[in-house]
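Notes to accompany the following structure.
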Amino acid sequence: MKEWTAWMANKLDEHIMTLERMHLPDYVRFLENRRTFYRMHFTAGILRGLGSAIGFTVLGAALVWLLQDLAQRNLPVIGDFLADIVNVVQRRLE
(Lines give C-alpha, C1' and ligand atoms only; values in the text may rest on other atoms or scores of the structure.)
Protein backbone atom coordinates (compact mmCIF):
# COMPACT_ATOMS: atom_id res chain seq x y z
CA MET A 1 0.00 0.00 0.00
CA LYS A 2 2.90 2.34 0.78
CA GLU A 3 4.39 1.74 -2.67
CA TRP A 4 1.10 2.61 -4.34
CA THR A 5 0.72 5.75 -2.23
CA ALA A 6 4.27 6.85 -3.04
CA TRP A 7 3.68 6.14 -6.74
CA MET A 8 0.40 8.08 -6.72
CA ALA A 9 2.03 11.03 -4.90
CA ASN A 10 4.84 11.03 -7.49
CA LYS A 11 2.32 11.02 -10.36
CA LEU A 12 0.36 13.83 -8.70
CA ASP A 13 3.54 15.90 -8.39
CA GLU A 14 4.29 15.30 -12.07
CA HIS A 15 0.81 16.50 -13.06
CA ILE A 16 1.07 19.56 -10.85
CA MET A 17 4.41 20.45 -12.43
CA THR A 18 2.90 20.02 -15.90
CA LEU A 19 0.03 22.34 -15.02
CA GLU A 20 2.44 24.92 -13.64
CA ARG A 21 4.50 24.80 -16.84
CA MET A 22 1.34 25.42 -18.88
CA HIS A 23 0.77 28.79 -17.17
CA LEU A 24 -2.94 28.00 -17.16
CA PRO A 25 -4.00 30.90 -14.88
CA ASP A 26 -2.23 33.39 -17.16
CA TYR A 27 -3.95 31.91 -20.20
CA VAL A 28 -7.38 32.09 -18.54
CA ARG A 29 -6.72 35.74 -17.61
CA PHE A 30 -5.74 36.42 -21.22
CA LEU A 31 -8.96 34.87 -22.51
CA GLU A 32 -11.07 36.82 -20.04
CA ASN A 33 -9.54 40.18 -21.05
CA ARG A 34 -11.40 40.86 -24.32
CA ARG A 35 -9.35 43.93 -25.25
CA THR A 36 -5.99 42.13 -25.34
CA PHE A 37 -7.59 39.06 -26.92
CA TYR A 38 -9.07 41.07 -29.81
CA ARG A 39 -5.96 43.23 -30.18
CA MET A 40 -3.74 40.19 -30.50
CA HIS A 41 -6.00 38.52 -33.08
CA PHE A 42 -6.39 41.78 -35.03
CA THR A 43 -2.62 42.24 -35.15
CA ALA A 44 -2.12 38.61 -36.17
CA GLY A 45 -4.65 39.04 -38.99
CA ILE A 46 -2.92 42.16 -40.28
CA LEU A 47 0.49 40.49 -40.20
CA ARG A 48 -0.88 37.36 -41.89
CA GLY A 49 -2.38 39.48 -44.68
CA LEU A 50 0.82 41.49 -45.07
CA GLY A 51 2.88 38.30 -45.26
CA SER A 52 0.55 36.88 -47.89
CA ALA A 53 0.81 40.05 -49.98
CA ILE A 54 4.60 40.12 -49.79
CA GLY A 55 4.84 36.41 -50.57
CA PHE A 56 2.49 36.74 -53.55
CA THR A 57 4.52 39.69 -54.86
CA VAL A 58 7.80 37.78 -54.61
CA LEU A 59 6.34 34.67 -56.26
CA GLY A 60 4.70 36.75 -58.98
CA ALA A 61 7.98 38.53 -59.72
CA ALA A 62 9.80 35.20 -59.87
CA LEU A 63 7.16 33.83 -62.26
CA VAL A 64 7.44 36.87 -64.56
CA TRP A 65 11.24 36.56 -64.51
CA LEU A 66 10.99 32.85 -65.36
CA LEU A 67 8.56 33.54 -68.19
CA GLN A 68 10.86 36.23 -69.59
CA ASP A 69 13.79 33.85 -69.46
CA LEU A 70 11.84 31.11 -71.23
CA ALA A 71 10.62 33.55 -73.88
CA GLN A 72 14.18 34.69 -74.61
CA ARG A 73 15.27 31.11 -75.27
CA ASN A 74 12.98 31.02 -78.32
CA LEU A 75 11.34 27.68 -77.66
CA PRO A 76 9.14 26.78 -80.67
CA VAL A 77 5.56 26.80 -79.35
CA ILE A 78 6.05 27.74 -75.73
CA GLY A 79 8.25 30.73 -76.54
CA ASP A 80 5.58 32.55 -78.58
CA PHE A 81 2.92 31.87 -75.96
CA LEU A 82 5.15 33.04 -73.14
CA ALA A 83 6.23 36.11 -75.11
CA ASP A 84 2.59 37.10 -75.46
CA ILE A 85 2.02 36.67 -71.73
CA VAL A 86 5.12 38.70 -70.86
CA ASN A 87 4.05 41.47 -73.25
CA VAL A 88 0.61 41.63 -71.64
CA VAL A 89 2.15 41.80 -68.16
CA GLN A 90 4.63 44.49 -69.18
CA ARG A 91 1.86 46.59 -70.78
CA ARG A 92 -0.15 46.31 -67.55
CA LEU A 93 2.83 47.46 -65.49
CA GLU A 94 3.28 50.60 -67.62
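Chains: A, B, ... in order of the C-alpha coordinates. Residues: from 1 per chain. Ligands: from 1, in order shown.
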Q: Find the residues near Val86 in chain A: any atom within 10 Å, counting only C-alpha atoms, skip ones fewer than 2 places away on the same chain, and give them as a PyMOL selection string.
A: chain A and resi 64-68+71+80-84+88-92
